[in-house]
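J.: Next comes work.pdb, PDB, C-alpha atoms:
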```
ATOM      1  CA  MET F   1      -9.604  22.328  -2.037
ATOM      2  CA  LYS F   2      -6.396  23.711  -3.497
ATOM      3  CA  VAL F   3      -3.382  21.690  -4.643
ATOM      4  CA  GLU F   4       0.066  23.207  -5.003
ATOM      5  CA  ILE F   5       2.838  20.968  -6.285
ATOM      6  CA  ILE F   6       6.239  21.561  -4.705
ATOM      7  CA  GLU F   7       8.166  18.679  -6.280
ATOM      8  CA  LEU F   8       7.064  16.118  -8.845
ATOM      9  CA  GLY F   9       9.412  13.417 -10.096
ATOM     10  CA  ASP F  10       8.942   9.928 -11.499
ATOM     11  CA  ARG F  11       8.987   8.242  -8.119
ATOM     12  CA  ALA F  12       8.478  10.959  -5.527
ATOM     13  CA  ALA F  13       6.207  13.937  -5.084
ATOM     14  CA  LYS F  14       5.613  16.673  -2.560
ATOM     15  CA  PHE F  15       2.536  18.867  -2.664
ATOM     16  CA  VAL F  16       0.425  21.117  -0.477
ATOM     17  CA  LEU F  17      -3.257  20.314   0.017
ATOM     18  CA  SER F  18      -5.220  23.281   1.357
ATOM     19  CA  GLY F  19      -8.798  23.602   2.477
ATOM     20  CA  VAL F  20      -9.223  19.976   3.512
ATOM     21  CA  ALA F  21      -9.778  18.096   6.766
ATOM     22  CA  PRO F  22      -6.994  15.953   8.302
ATOM     23  CA  ALA F  23      -9.201  12.879   7.767
ATOM     24  CA  PHE F  24      -9.231  13.462   4.017
ATOM     25  CA  VAL F  25      -5.432  13.771   3.801
ATOM     26  CA  ASN F  26      -5.074  10.667   5.926
ATOM     27  CA  SER F  27      -7.435   8.749   3.659
ATOM     28  CA  ILE F  28      -5.283   9.767   0.663
ATOM     29  CA  ARG F  29      -2.211   8.511   2.518
ATOM     30  CA  ARG F  30      -3.873   5.238   3.444
ATOM     31  CA  ALA F  31      -5.163   4.711  -0.098
ATOM     32  CA  MET F  32      -1.660   5.266  -1.487
ATOM     33  CA  LEU F  33      -0.277   2.676   0.919
ATOM     34  CA  ALA F  34      -2.917  -0.025   0.822
ATOM     35  CA  GLU F  35      -5.563   0.461  -1.878
ATOM     36  CA  VAL F  36      -3.707   0.923  -5.161
ATOM     37  CA  PRO F  37      -2.975  -2.510  -6.693
ATOM     38  CA  THR F  38       0.408  -3.482  -8.061
ATOM     39  CA  LEU F  39       2.084  -6.621  -9.396
ATOM     40  CA  ALA F  40       4.240  -8.769  -7.143
ATOM     41  CA  ILE F  41       5.399 -12.361  -7.235
ATOM     42  CA  ASP F  42       2.751 -14.415  -5.422
ATOM     43  CA  TYR F  43       4.170 -17.925  -5.598
ATOM     44  CA  VAL F  44       7.236 -19.655  -7.000
ATOM     45  CA  ASN F  45       7.612 -23.057  -8.645
ATOM     46  CA  ILE F  46      11.103 -24.187  -7.748
ATOM     47  CA  TYR F  47      12.643 -26.759 -10.084
ATOM     48  CA  ASP F  48      16.107 -26.768  -8.561
ATOM     49  CA  ASN F  49      17.824 -24.972  -5.726
ATOM     50  CA  THR F  50      21.262 -26.086  -4.583
ATOM     51  CA  SER F  51      22.120 -22.661  -3.156
ATOM     52  CA  VAL F  52      22.605 -21.793   0.499
ATOM     53  CA  LEU F  53      19.166 -20.156   0.766
ATOM     54  CA  PHE F  54      16.086 -22.203   1.620
ATOM     55  CA  ASP F  55      13.324 -22.250  -0.992
ATOM     56  CA  GLU F  56      11.104 -20.183   1.306
ATOM     57  CA  GLN F  57      13.750 -17.497   1.836
ATOM     58  CA  LEU F  58      14.398 -17.285  -1.888
ATOM     59  CA  ALA F  59      10.646 -17.024  -2.568
ATOM     60  CA  LEU F  60      10.320 -14.247   0.018
ATOM     61  CA  ARG F  61      13.130 -12.278  -1.616
ATOM     62  CA  LEU F  62      11.489 -12.731  -5.011
ATOM     63  CA  GLY F  63       8.133 -11.596  -3.649
ATOM     64  CA  LEU F  64       9.527  -8.289  -2.450
ATOM     65  CA  ILE F  65      10.927  -7.262  -5.846
ATOM     66  CA  PRO F  66       8.948  -4.277  -7.194
ATOM     67  CA  LEU F  67       7.654  -5.061 -10.692
ATOM     68  CA  ILE F  68       6.798  -2.387 -13.253
ATOM     69  CA  THR F  69       3.018  -2.638 -13.570
ATOM     70  CA  ASP F  70       0.654  -1.533 -16.309
ATOM     71  CA  LEU F  71      -2.572  -1.394 -14.351
ATOM     72  CA  ASP F  72      -4.691  -1.187 -17.511
ATOM     73  CA  SER F  73      -3.397  -4.584 -18.752
ATOM     74  CA  TYR F  74      -4.083  -6.689 -15.661
ATOM     75  CA  VAL F  75      -7.002  -7.238 -13.318
ATOM     76  CA  LEU F  76      -7.137  -8.458  -9.762
ATOM     77  CA  PRO F  77      -7.528 -12.283  -9.563
ATOM     78  CA  SER F  78     -10.754 -11.792  -7.590
ATOM     79  CA  GLU F  79     -12.222  -9.729 -10.442
ATOM     80  CA  CYS F  80     -10.885 -11.868 -13.314
ATOM     81  CA  SER F  81     -13.177 -13.840 -15.610
ATOM     82  CA  CYS F  82     -11.121 -16.972 -14.829
ATOM     83  CA  GLY F  83     -12.296 -16.779 -11.208
ATOM     84  CA  GLY F  84      -8.752 -16.380  -9.883
ATOM     85  CA  GLU F  85      -7.475 -19.685 -11.255
ATOM     86  CA  GLY F  86      -4.837 -17.855 -13.281
ATOM     87  CA  CYS F  87      -4.867 -16.564 -16.859
ATOM     88  CA  SER F  88      -2.977 -14.029 -18.954
ATOM     89  CA  GLN F  89      -5.339 -11.294 -17.709
ATOM     90  CA  CYS F  90      -4.538 -11.712 -14.037
ATOM     91  CA  GLN F  91      -1.059 -13.189 -13.817
ATOM     92  CA  VAL F  92       2.331 -13.167 -15.495
ATOM     93  CA  SER F  93       5.115 -15.716 -15.367
ATOM     94  CA  LEU F  94       8.780 -14.869 -14.800
ATOM     95  CA  THR F  95      11.551 -17.430 -15.038
ATOM     96  CA  LEU F  96      15.009 -17.465 -13.546
ATOM     97  CA  SER F  97      17.818 -19.882 -14.154
ATOM     98  CA  ALA F  98      21.342 -19.261 -12.905
ATOM     99  CA  GLU F  99      24.449 -21.193 -12.011
ATOM    100  CA  GLY F 100      27.344 -20.088  -9.792
ATOM    101  CA  PRO F 101      29.758 -18.665  -9.081
ATOM    102  CA  LYS F 102      27.940 -15.353  -9.411
ATOM    103  CA  THR F 103      25.531 -12.978  -7.728
ATOM    104  CA  VAL F 104      22.037 -13.245  -9.158
ATOM    105  CA  TYR F 105      20.158  -9.969  -9.578
ATOM    106  CA  SER F 106      16.455  -9.298 -10.101
ATOM    107  CA  THR F 107      17.137  -8.110 -13.652
ATOM    108  CA  GLU F 108      17.947 -11.714 -14.627
ATOM    109  CA  LEU F 109      14.266 -12.625 -14.300
ATOM    110  CA  VAL F 110      12.847 -13.296 -17.770
ATOM    111  CA  SER F 111       9.232 -12.178 -18.044
ATOM    112  CA  ALA F 112       6.563 -13.623 -20.318
ATOM    113  CA  ASP F 113       5.253 -10.058 -20.730
ATOM    114  CA  PRO F 114       8.083  -7.661 -21.710
ATOM    115  CA  SER F 115       6.249  -4.731 -20.095
ATOM    116  CA  VAL F 116       6.490  -6.434 -16.695
ATOM    117  CA  MET F 117      10.033  -6.289 -15.396
ATOM    118  CA  PRO F 118      11.772  -5.552 -12.092
ATOM    119  CA  ALA F 119      11.787  -1.856 -11.287
ATOM    120  CA  GLU F 120      15.057  -2.091  -9.371
ATOM    121  CA  VAL F 121      18.306  -4.033  -9.540
ATOM    122  CA  VAL F 122      17.992  -6.122  -6.385
ATOM    123  CA  PRO F 123      20.633  -8.724  -5.467
ATOM    124  CA  LEU F 124      18.738 -11.955  -4.892
ATOM    125  CA  ILE F 125      21.308 -14.534  -3.985
ATOM    126  CA  LYS F 126      25.029 -15.194  -4.118
ATOM    127  CA  LEU F 127      25.817 -18.515  -5.771
ATOM    128  CA  SER F 128      29.080 -20.358  -5.210
ATOM    129  CA  GLU F 129      30.722 -23.070  -7.312
ATOM    130  CA  ARG F 130      28.202 -25.760  -8.413
ATOM    131  CA  HIS F 131      25.265 -23.842  -6.891
ATOM    132  CA  ARG F 132      22.275 -23.657  -9.173
ATOM    133  CA  ILE F 133      18.754 -22.220  -9.096
ATOM    134  CA  SER F 134      15.990 -22.779 -11.584
ATOM    135  CA  LEU F 135      12.491 -21.486 -10.947
ATOM    136  CA  GLU F 136       9.308 -20.004 -12.333
ATOM    137  CA  ALA F 137       7.713 -17.123 -10.443
ATOM    138  CA  ILE F 138       4.058 -16.173 -10.860
ATOM    139  CA  ALA F 139       3.236 -12.497 -10.370
ATOM    140  CA  ARG F 140      -0.290 -11.307  -9.624
ATOM    141  CA  LEU F 141      -2.009  -8.064  -8.813
ATOM    142  CA  GLY F 142      -2.776  -7.372  -5.192
ATOM    143  CA  THR F 143      -3.111  -4.547  -2.703
ATOM    144  CA  GLY F 144      -1.101  -3.517   0.327
ATOM    145  CA  HIS F 145      -4.029  -4.654   2.478
ATOM    146  CA  ASP F 146      -3.087  -8.275   1.793
ATOM    147  CA  HIS F 147       0.710  -8.086   1.936
ATOM    148  CA  ALA F 148       3.415  -5.410   1.975
ATOM    149  CA  LYS F 149       4.834  -6.813  -1.288
ATOM    150  CA  TRP F 150       1.805  -5.298  -3.085
ATOM    151  CA  GLN F 151       2.345  -1.878  -1.518
ATOM    152  CA  ALA F 152       3.066   0.588  -4.334
ATOM    153  CA  GLY F 153       3.323   3.603  -2.066
ATOM    154  CA  ILE F 154       6.217   3.866   0.344
ATOM    155  CA  ALA F 155       7.180   6.706   2.689
ATOM    156  CA  CYS F 156       3.782   8.389   2.296
ATOM    157  CA  GLY F 157       3.106  10.970   4.967
ATOM    158  CA  TYR F 158       1.859  14.447   5.686
ATOM    159  CA  LYS F 159       2.275  17.296   8.131
ATOM    160  CA  ASN F 160       0.452  20.533   8.764
ATOM    161  CA  VAL F 161       1.883  23.575   7.000
ATOM    162  CA  PRO F 162       3.901  25.412   9.665
ATOM    163  CA  LYS F 163       3.068  28.974  10.627
ATOM    164  CA  ILE F 164       5.802  30.956  12.385
ATOM    165  CA  THR F 165       4.963  34.353  13.798
ATOM    166  CA  ILE F 166       7.574  36.746  15.185
ATOM    167  CA  SER F 167       6.283  39.755  17.082
ATOM    168  CA  ASP F 168       7.733  43.274  17.187
ATOM    169  CA  GLU F 169       9.118  42.706  20.718
ATOM    170  CA  CYS F 170      11.921  40.536  19.240
ATOM    171  CA  ASP F 171      15.377  41.997  19.994
ATOM    172  CA  ALA F 172      17.061  39.940  17.234
ATOM    173  CA  CYS F 173      19.497  38.300  19.672
ATOM    174  CA  GLY F 174      19.972  35.412  17.216
ATOM    175  CA  MET F 175      19.444  32.578  19.727
ATOM    176  CA  CYS F 176      16.512  31.185  17.733
ATOM    177  CA  VAL F 177      18.510  31.394  14.489
ATOM    178  CA  ASP F 178      21.331  29.323  16.024
ATOM    179  CA  ALA F 179      18.906  26.824  17.566
ATOM    180  CA  CYS F 180      16.906  26.110  14.396
ATOM    181  CA  PRO F 181      18.192  22.810  12.899
ATOM    182  CA  ARG F 182      16.591  23.466   9.502
ATOM    183  CA  GLY F 183      17.874  27.025   8.947
ATOM    184  CA  VAL F 184      14.344  28.394   8.736
ATOM    185  CA  LEU F 185      15.201  31.668  10.495
ATOM    186  CA  VAL F 186      17.771  34.331   9.539
ATOM    187  CA  ILE F 187      18.681  37.772  10.765
ATOM    188  CA  ALA F 188      18.403  40.410   8.078
ATOM    189  CA  ASP F 189      18.560  44.147   8.791
ATOM    190  CA  ASP F 190      18.564  43.454  12.552
ATOM    191  CA  VAL F 191      15.258  41.634  12.307
ATOM    192  CA  VAL F 192      14.583  37.894  12.562
ATOM    193  CA  LYS F 193      12.939  36.730   9.367
ATOM    194  CA  VAL F 194      11.463  33.422   8.233
ATOM    195  CA  VAL F 195      13.061  32.278   4.973
ATOM    196  CA  ASP F 196      11.536  28.854   4.375
ATOM    197  CA  GLU F 197       8.491  28.303   6.550
ATOM    198  CA  ARG F 198       7.595  24.936   4.998
ATOM    199  CA  ALA F 199      10.988  23.492   5.954
ATOM    200  CA  CYS F 200      10.147  23.921   9.653
ATOM    201  CA  SER F 201       9.902  20.554  11.447
ATOM    202  CA  LEU F 202       7.770  22.047  14.264
ATOM    203  CA  CYS F 203      10.429  21.126  16.824
ATOM    204  CA  ARG F 204       9.825  24.448  18.659
ATOM    205  CA  LEU F 205      13.489  24.736  19.716
ATOM    206  CA  CYS F 206      13.341  28.404  18.711
ATOM    207  CA  GLU F 207      10.518  28.982  21.178
ATOM    208  CA  GLY F 208      12.468  27.279  23.959
ATOM    209  CA  VAL F 209      15.728  29.207  23.600
ATOM    210  CA  CYS F 210      14.135  32.644  23.308
ATOM    211  CA  GLU F 211      14.541  34.473  26.643
ATOM    212  CA  LEU F 212      11.898  37.055  25.776
ATOM    213  CA  ASN F 213       9.386  34.284  25.062
ATOM    214  CA  LYS F 214       9.031  33.832  28.849
ATOM    215  CA  ILE F 215       7.546  37.328  29.090
ATOM    216  CA  TYR F 216       5.866  37.886  25.717
ATOM    217  CA  ASP F 217       4.952  35.534  22.885
ATOM    218  CA  VAL F 218       7.814  36.781  20.747
ATOM    219  CA  ILE F 219       8.232  33.754  18.532
ATOM    220  CA  LYS F 220       5.394  31.329  18.091
ATOM    221  CA  VAL F 221       5.386  28.156  16.024
ATOM    222  CA  GLY F 222       1.933  26.996  15.016
ATOM    223  CA  THR F 223       0.241  25.312  12.095
ATOM    224  CA  HIS F 224      -2.391  26.017   9.489
ATOM    225  CA  PRO F 225      -5.128  23.566  10.569
ATOM    226  CA  ASP F 226      -6.486  22.915   7.067
ATOM    227  CA  SER F 227      -3.276  22.936   5.009
ATOM    228  CA  PHE F 228      -1.001  19.929   4.703
ATOM    229  CA  ILE F 229       2.334  19.150   3.079
ATOM    230  CA  VAL F 230       2.002  15.645   1.619
ATOM    231  CA  THR F 231       5.066  13.621   0.645
ATOM    232  CA  ALA F 232       4.724  10.391  -1.301
ATOM    233  CA  GLU F 233       7.066   7.938  -2.941
ATOM    234  CA  THR F 234       6.541   4.770  -4.973
ATOM    235  CA  ASP F 235       8.585   1.592  -5.107
ATOM    236  CA  GLY F 236       8.949   2.089  -8.865
ATOM    237  CA  SER F 237       6.128  -0.223  -9.920
ATOM    238  CA  ILE F 238       3.910   2.682 -11.027
ATOM    239  CA  PRO F 239       4.696   6.389 -11.525
ATOM    240  CA  ILE F 240       3.932   8.668  -8.583
ATOM    241  CA  ARG F 241       1.408  10.664 -10.610
ATOM    242  CA  GLU F 242      -0.592   7.482 -11.279
ATOM    243  CA  LEU F 243      -0.345   6.418  -7.636
ATOM    244  CA  ILE F 244      -1.828   9.699  -6.429
ATOM    245  CA  THR F 245      -4.605   9.848  -9.041
ATOM    246  CA  ARG F 246      -5.555   6.206  -8.516
ATOM    247  CA  SER F 247      -5.656   6.662  -4.737
ATOM    248  CA  ALA F 248      -7.968   9.665  -5.203
ATOM    249  CA  GLU F 249     -10.154   7.628  -7.585
ATOM    250  CA  ASN F 250     -10.248   4.837  -5.015
ATOM    251  CA  ILE F 251     -11.515   7.215  -2.318
ATOM    252  CA  SER F 252     -14.120   8.568  -4.729
ATOM    253  CA  ASP F 253     -15.306   5.050  -5.645
ATOM    254  CA  ARG F 254     -15.572   4.028  -2.005
ATOM    255  CA  ALA F 255     -17.442   7.231  -1.116
ATOM    256  CA  GLU F 256     -19.906   6.539  -3.945
ATOM    257  CA  ALA F 257     -20.349   2.949  -2.729
ATOM    258  CA  LEU F 258     -20.989   4.201   0.808
ATOM    259  CA  ASP F 259     -23.509   6.709  -0.558
ATOM    260  CA  GLY F 260     -25.286   3.834  -2.333
ATOM    261  CA  TYR F 261     -25.452   1.746   0.857
ATOM    262  CA  LEU F 262     -26.772   4.701   2.858
ATOM    263  CA  SER F 263     -29.495   5.443   0.299
ATOM    264  CA  VAL F 264     -30.608   1.787   0.452
ATOM    265  CA  ILE F 265     -30.761   1.988   4.262
ATOM    266  CA  ASP F 266     -32.738   5.245   3.983
ATOM    267  CA  MET F 267     -35.215   3.628   1.608
ATOM    268  CA  GLU F 268     -35.640   0.616   3.903
ATOM    269  CA  MET F 269     -36.212   2.875   6.908
ATOM    270  CA  GLU F 270     -38.802   4.901   4.985
ATOM    271  CA  MET F 271     -40.602   1.709   3.918
ATOM    272  CA  ASP F 272     -40.624   0.492   7.558
ATOM    273  CA  HIS F 273     -41.978   3.880   8.653
ATOM    274  CA  HIS F 274     -44.808   3.739   6.118
ATOM    275  CA  ALA F 275     -45.610   0.145   7.057
ATOM    276  CA  THR F 276     -46.049   1.084  10.712
TER     277      THR F 276
ATOM    278  CA  MET B   1      13.749 -40.625   1.522
ATOM    279  CA  GLY B   2      17.182 -40.598  -0.078
ATOM    280  CA  TYR B   3      20.392 -39.490   1.614
ATOM    281  CA  ARG B   4      23.931 -38.994   0.389
ATOM    282  CA  CYS B   5      27.135 -39.449   2.367
ATOM    283  CA  VAL B   6      29.077 -36.223   2.763
ATOM    284  CA  ARG B   7      32.486 -37.999   2.575
ATOM    285  CA  CYS B   8      32.157 -40.670  -0.111
ATOM    286  CA  LYS B   9      29.155 -39.070  -1.949
ATOM    287  CA  GLN B  10      27.425 -42.467  -2.192
ATOM    288  CA  PRO B  11      23.604 -42.615  -2.085
ATOM    289  CA  VAL B  12      22.531 -44.172   1.210
ATOM    290  CA  GLU B  13      19.249 -45.693   2.314
ATOM    291  CA  ILE B  14      18.641 -45.330   6.035
ATOM    292  CA  ASP B  15      18.059 -48.552   7.936
ATOM    293  CA  TYR B  16      15.526 -47.519  10.560
ATOM    294  CA  GLU B  17      15.877 -50.854  12.403
ATOM    295  CA  TYR B  18      19.498 -50.033  13.163
ATOM    296  CA  ARG B  19      19.796 -47.581  16.068
ATOM    297  CA  GLY B  20      22.198 -45.142  14.501
ATOM    298  CA  ILE B  21      23.052 -43.517  11.234
ATOM    299  CA  ARG B  22      26.174 -44.531   9.387
ATOM    300  CA  CYS B  23      27.252 -44.777   5.768
ATOM    301  CA  PRO B  24      27.483 -48.500   4.877
ATOM    302  CA  TYR B  25      30.364 -47.781   2.443
ATOM    303  CA  CYS B  26      32.764 -45.607   4.449
ATOM    304  CA  GLY B  27      31.280 -45.507   7.938
ATOM    305  CA  HIS B  28      30.913 -41.727   7.954
ATOM    306  CA  ARG B  29      28.088 -40.451  10.131
ATOM    307  CA  ILE B  30      27.111 -37.260   8.341
ATOM    308  CA  LEU B  31      24.500 -37.759   5.635
ATOM    309  CA  LEU B  32      22.698 -35.111   3.601
ATOM    310  CA  LYS B  33      19.055 -35.362   2.619
ATOM    311  CA  GLU B  34      18.676 -35.401  -1.163
ATOM    312  CA  ARG B  35      16.358 -32.882  -2.813
ATOM    313  CA  PRO B  36      13.355 -34.755  -4.280
ATOM    314  CA  VAL B  37      13.059 -34.602  -8.076
ATOM    315  CA  LYS B  38       9.791 -32.701  -8.274
ATOM    316  CA  ILE B  39       8.584 -29.137  -8.634
ATOM    317  CA  LYS B  40       8.075 -27.449  -5.299
ATOM    318  CA  ARG B  41       5.507 -24.640  -5.048
ATOM    319  CA  VAL B  42       6.350 -22.026  -2.428
ATOM    320  CA  CYS B  43       4.271 -19.000  -1.451
ATOM    321  CA  ALA B  44       6.274 -15.778  -1.722
ATOM    322  CA  GLU B  45       5.493 -14.358   1.726
TER     323      GLU B  45
END
```
Write the structure described by the file as structure tokens, please.

T.:
Amino acid sequence: MKVEIIELGDRAAKFVLSGVAPAFVNSIRRAMLAEVPTLAIDYVNIYDNTSVLFDEQLALRLGLIPLITDLDSYVLPSECSCGGEGCSQCQVSLTLSAEGPKTVYSTELVSADPSVMPAEVVPLIKLSERHRISLEAIARLGTGHDHAKWQAGIACGYKNVPKITISDECDACGMCVDACPRGVLVIADDVVKVVDERACSLCRLCEGVCELNKIYDVIKVGTHPDSFIVTAETDGSIPIRELITRSAENISDRAEALDGYLSVIDMEMEMDHHAT
Amino acid sequence: MGYRCVRCKQPVEIDYEYRGIRCPYCGHRILLKERPVKIKRVCAE
């Protein structure tokens, strides 16, 4: 397996994975979406709400706020020593108190743990004259399996690395260059050349407009079957580098667990065989 | 369950024997349900 990083920022990354099966890339994508835990508001204790939003709507909006998460400081409630009842190891409290007229933003949430704070400035509610909200929100770790609010990875996807071949029969008429929406093809020195193969969206418009393509395979858009361009983005709760490494660790852990189960089954089958 | 008249802002107790809702002070027929004074726990989903 070979990894080539194309772009790497705080919240988004693009890289090429070569020498792997599509199933492996898909498992990375699925792990990024649903297996990496993150903090999100799980329930809200509402003391007062005289705003125009129902308590449930307000709680839903609070739940979808991405919270900056230090995954080494918190554990999943199911794995906590408190048994999921709620302690400083598995949950954090955030309070919000505001009175109108004003627009309340997510940054006005006051956290009991200063390292846990909203990752984005999200408008929560618009308060008018005499409108007031006062609440305590409890954030817990969870995974995207349970609810989309715990989904750290967003816009995670992959595509095969495109492979464009242009044969010598090409007369450089320029039809394919005009048809390409991504500007992948150019004419240089009376020859059609590929300038940025990875930008190709595999739309095959170039193949369709080429008159010579009806006789010969002049221009052919294909893919490398074992190379993939992976794009991933986080909601800001954890850095993209951590999201990718943790998703890979998750796959490794699950593969090891599966290996353990299979070895137990093997042992049982061998014991049955010897018994008979 | 407490209600408050929208027009005169007086607290109103509903008489369920009487077939109709009306403020006993001003006769207005629109009453708002008062929010109970207790902490309400709501699931964020």

J.: Select all residues from chain B having any atom no more than 9 Å from an atom of chain F (counting all atoms listed in the file, ignoring ligands), output as a ChimeraX atom specification.

T.: /B:35,37-45

J.: For the selection you just gave me, I'd like the residues written to a file as a CSV table (one decimal), keeping the file's coordinate frame, keeping C-alpha atoms.

T.:
```
chain,number,residue,atom,x,y,z
B,35,ARG,CA,16.4,-32.9,-2.8
B,37,VAL,CA,13.1,-34.6,-8.1
B,38,LYS,CA,9.8,-32.7,-8.3
B,39,ILE,CA,8.6,-29.1,-8.6
B,40,LYS,CA,8.1,-27.4,-5.3
B,41,ARG,CA,5.5,-24.6,-5.0
B,42,VAL,CA,6.4,-22.0,-2.4
B,43,CYS,CA,4.3,-19.0,-1.5
B,44,ALA,CA,6.3,-15.8,-1.7
B,45,GLU,CA,5.5,-14.4,1.7
```

J.: Could you list the residues chosen by the PyMOL selection byres ((chain B and resi 5-20) around 10) in this structure as a PDB file with C-alpha atoms, in the coordinates of the input?

T.:
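Output file result.pdb follows:
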```pdb
ATOM      1  CA  MET B   1      13.749 -40.625   1.522  1.00  0.00           C
ATOM      2  CA  GLY B   2      17.182 -40.598  -0.078  1.00  0.00           C
ATOM      3  CA  TYR B   3      20.392 -39.490   1.614  1.00  0.00           C
ATOM      4  CA  ARG B   4      23.931 -38.994   0.389  1.00  0.00           C
ATOM      5  CA  ILE B  21      23.052 -43.517  11.234  1.00  0.00           C
ATOM      6  CA  ARG B  22      26.174 -44.531   9.387  1.00  0.00           C
ATOM      7  CA  CYS B  23      27.252 -44.777   5.768  1.00  0.00           C
ATOM      8  CA  PRO B  24      27.483 -48.500   4.877  1.00  0.00           C
ATOM      9  CA  TYR B  25      30.364 -47.781   2.443  1.00  0.00           C
ATOM     10  CA  CYS B  26      32.764 -45.607   4.449  1.00  0.00           C
ATOM     11  CA  GLY B  27      31.280 -45.507   7.938  1.00  0.00           C
ATOM     12  CA  HIS B  28      30.913 -41.727   7.954  1.00  0.00           C
ATOM     13  CA  ARG B  29      28.088 -40.451  10.131  1.00  0.00           C
ATOM     14  CA  ILE B  30      27.111 -37.260   8.341  1.00  0.00           C
ATOM     15  CA  LEU B  31      24.500 -37.759   5.635  1.00  0.00           C
ATOM     16  CA  LEU B  32      22.698 -35.111   3.601  1.00  0.00           C
ATOM     17  CA  LYS B  33      19.055 -35.362   2.619  1.00  0.00           C
ATOM     18  CA  GLU B  34      18.676 -35.401  -1.163  1.00  0.00           C
TER      19      GLU B  34
END
```

J.: Which value, in Å to one decimal, gives the distance between atom CA of Phe228 of chain F and atom CA of Asp168 of chain F?

T.: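 Computed distance, atom CA of Phe228 of chain F to atom CA of Asp168 of chain F, equals 27.9 Å.
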
J.: Kindly resolve the PyMOL selection byres ((chain F and resi 20-37) around 9) on the present coordinates and return the residues as a ChimeraX atom specification.

T.: /F:1-2,17-19,38-39,71,76,141-148,150-158,160,225-228,230,232,234,243-244,246-248,250-251

J.: Please evaluate the PyMOL selection byres ((chain F and resi 212) around 12) against the displayed coordinates and give the resulting residues as a PyMOL selection string.

T.: chain F and resi 166-176+206-211+213-220

J.: Mind pulling up the distance from atom CA of Gly83 of chain F to atom CA of Leu109 of chain F?

T.: 27.1 Å

J.: Which residues are near Ser97 of chain F? Cut-off 8 Å, only C-alpha atoms, ignore same chain within fewer than 5 positions. Put them as a list in words.

T.: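 After dropping sequence-adjacent residues, the list is Arg132, Ile133, Ser134 and Leu135 of chain F.
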
J.: Just the number, please: distance in Å from atom CA of Arg140 of chain F to atom CA of Ala98 of chain F, one decimal.

T.: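 Interatomic distance here is 23.3 Å.
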
J.: If I wrap all listed atoms of segment 37-40 of chain B in a box with edges along x, y and z and add 6 Å on each side, what are its centre and edge lengths in Å to one decimal, as lines of an AutoDock Vina configuration file?

T.:
```
center_x = 10.6
center_y = -31.0
center_z = -7.0
size_x = 17.0
size_y = 19.2
size_z = 15.3
```

J.: Could you name the residues that touch Thr107 of chain F at 9 Å or less, counting only C-alpha atoms, but leaving out those on the same chain fewer than 3 positions away, as a PyMOL selection string?

T.: chain F and resi 104+110+117-123

J.: Mind dumping the selected residues with C-alpha atoms as a compact mmCIF listing (two decimals), in the frame of the given file?

T.:
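Generated file (out-v1.txt):
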```txt
# COMPACT_ATOMS: atom_id res chain seq x y z
CA VAL F 104 22.04 -13.24 -9.16
CA VAL F 110 12.85 -13.30 -17.77
CA MET F 117 10.03 -6.29 -15.40
CA PRO F 118 11.77 -5.55 -12.09
CA ALA F 119 11.79 -1.86 -11.29
CA GLU F 120 15.06 -2.09 -9.37
CA VAL F 121 18.31 -4.03 -9.54
CA VAL F 122 17.99 -6.12 -6.38
CA PRO F 123 20.63 -8.72 -5.47
```

J.: Could you list, as a list of chain:residue names, every residue within 9 Å of segment 181-189 of chain F, counting only C-alpha atoms and ignoring same-chain residues fewer than 4 positions away?

T.: F:Ala172, F:Cys173, F:Gly174, F:Cys176, F:Val177, F:Lys193, F:Val194, F:Val195, F:Asp196, F:Glu197, F:Arg198, F:Ala199, F:Cys200, F:Ser201, F:Cys203, F:Leu205

J.: Write a file for segment 32-40 of chain B of the given structure; include N, CA and C atoms and format it as a PDB file, in the first residue's frame.

T.:
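Below is the file that was written, out.pdb:
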```pdb
ATOM      1  N   LEU B  32     -53.257  31.477  27.167  1.00  0.00           N
ATOM      2  CA  LEU B  32     -51.984  30.789  26.908  1.00  0.00           C
ATOM      3  C   LEU B  32     -51.647  29.882  28.070  1.00  0.00           C
ATOM      4  N   LYS B  33     -51.132  28.694  27.726  1.00  0.00           N
ATOM      5  CA  LYS B  33     -50.725  27.752  28.775  1.00  0.00           C
ATOM      6  C   LYS B  33     -49.423  28.247  29.395  1.00  0.00           C
ATOM      7  N   GLU B  34     -49.370  28.290  30.697  1.00  0.00           N
ATOM      8  CA  GLU B  34     -48.170  28.746  31.407  1.00  0.00           C
ATOM      9  C   GLU B  34     -47.125  27.643  31.426  1.00  0.00           C
ATOM     10  N   ARG B  35     -45.842  28.038  31.325  1.00  0.00           N
ATOM     11  CA  ARG B  35     -44.768  27.054  31.411  1.00  0.00           C
ATOM     12  C   ARG B  35     -44.626  26.603  32.870  1.00  0.00           C
ATOM     13  N   PRO B  36     -44.631  25.307  33.153  1.00  0.00           N
ATOM     14  CA  PRO B  36     -44.491  24.861  34.540  1.00  0.00           C
ATOM     15  C   PRO B  36     -43.120  25.219  35.106  1.00  0.00           C
ATOM     16  N   VAL B  37     -43.076  25.533  36.390  1.00  0.00           N
ATOM     17  CA  VAL B  37     -41.807  25.931  37.025  1.00  0.00           C
ATOM     18  C   VAL B  37     -41.052  24.673  37.434  1.00  0.00           C
ATOM     19  N   LYS B  38     -40.442  24.041  36.475  1.00  0.00           N
ATOM     20  CA  LYS B  38     -39.603  22.863  36.772  1.00  0.00           C
ATOM     21  C   LYS B  38     -38.612  22.680  35.621  1.00  0.00           C
ATOM     22  N   ILE B  39     -37.568  21.925  35.905  1.00  0.00           N
ATOM     23  CA  ILE B  39     -36.543  21.700  34.880  1.00  0.00           C
ATOM     24  C   ILE B  39     -37.047  20.616  33.927  1.00  0.00           C
ATOM     25  N   LYS B  40     -36.944  20.916  32.650  1.00  0.00           N
ATOM     26  CA  LYS B  40     -37.426  19.959  31.653  1.00  0.00           C
ATOM     27  C   LYS B  40     -36.224  19.348  30.944  1.00  0.00           C
TER      28      LYS B  40
END
```
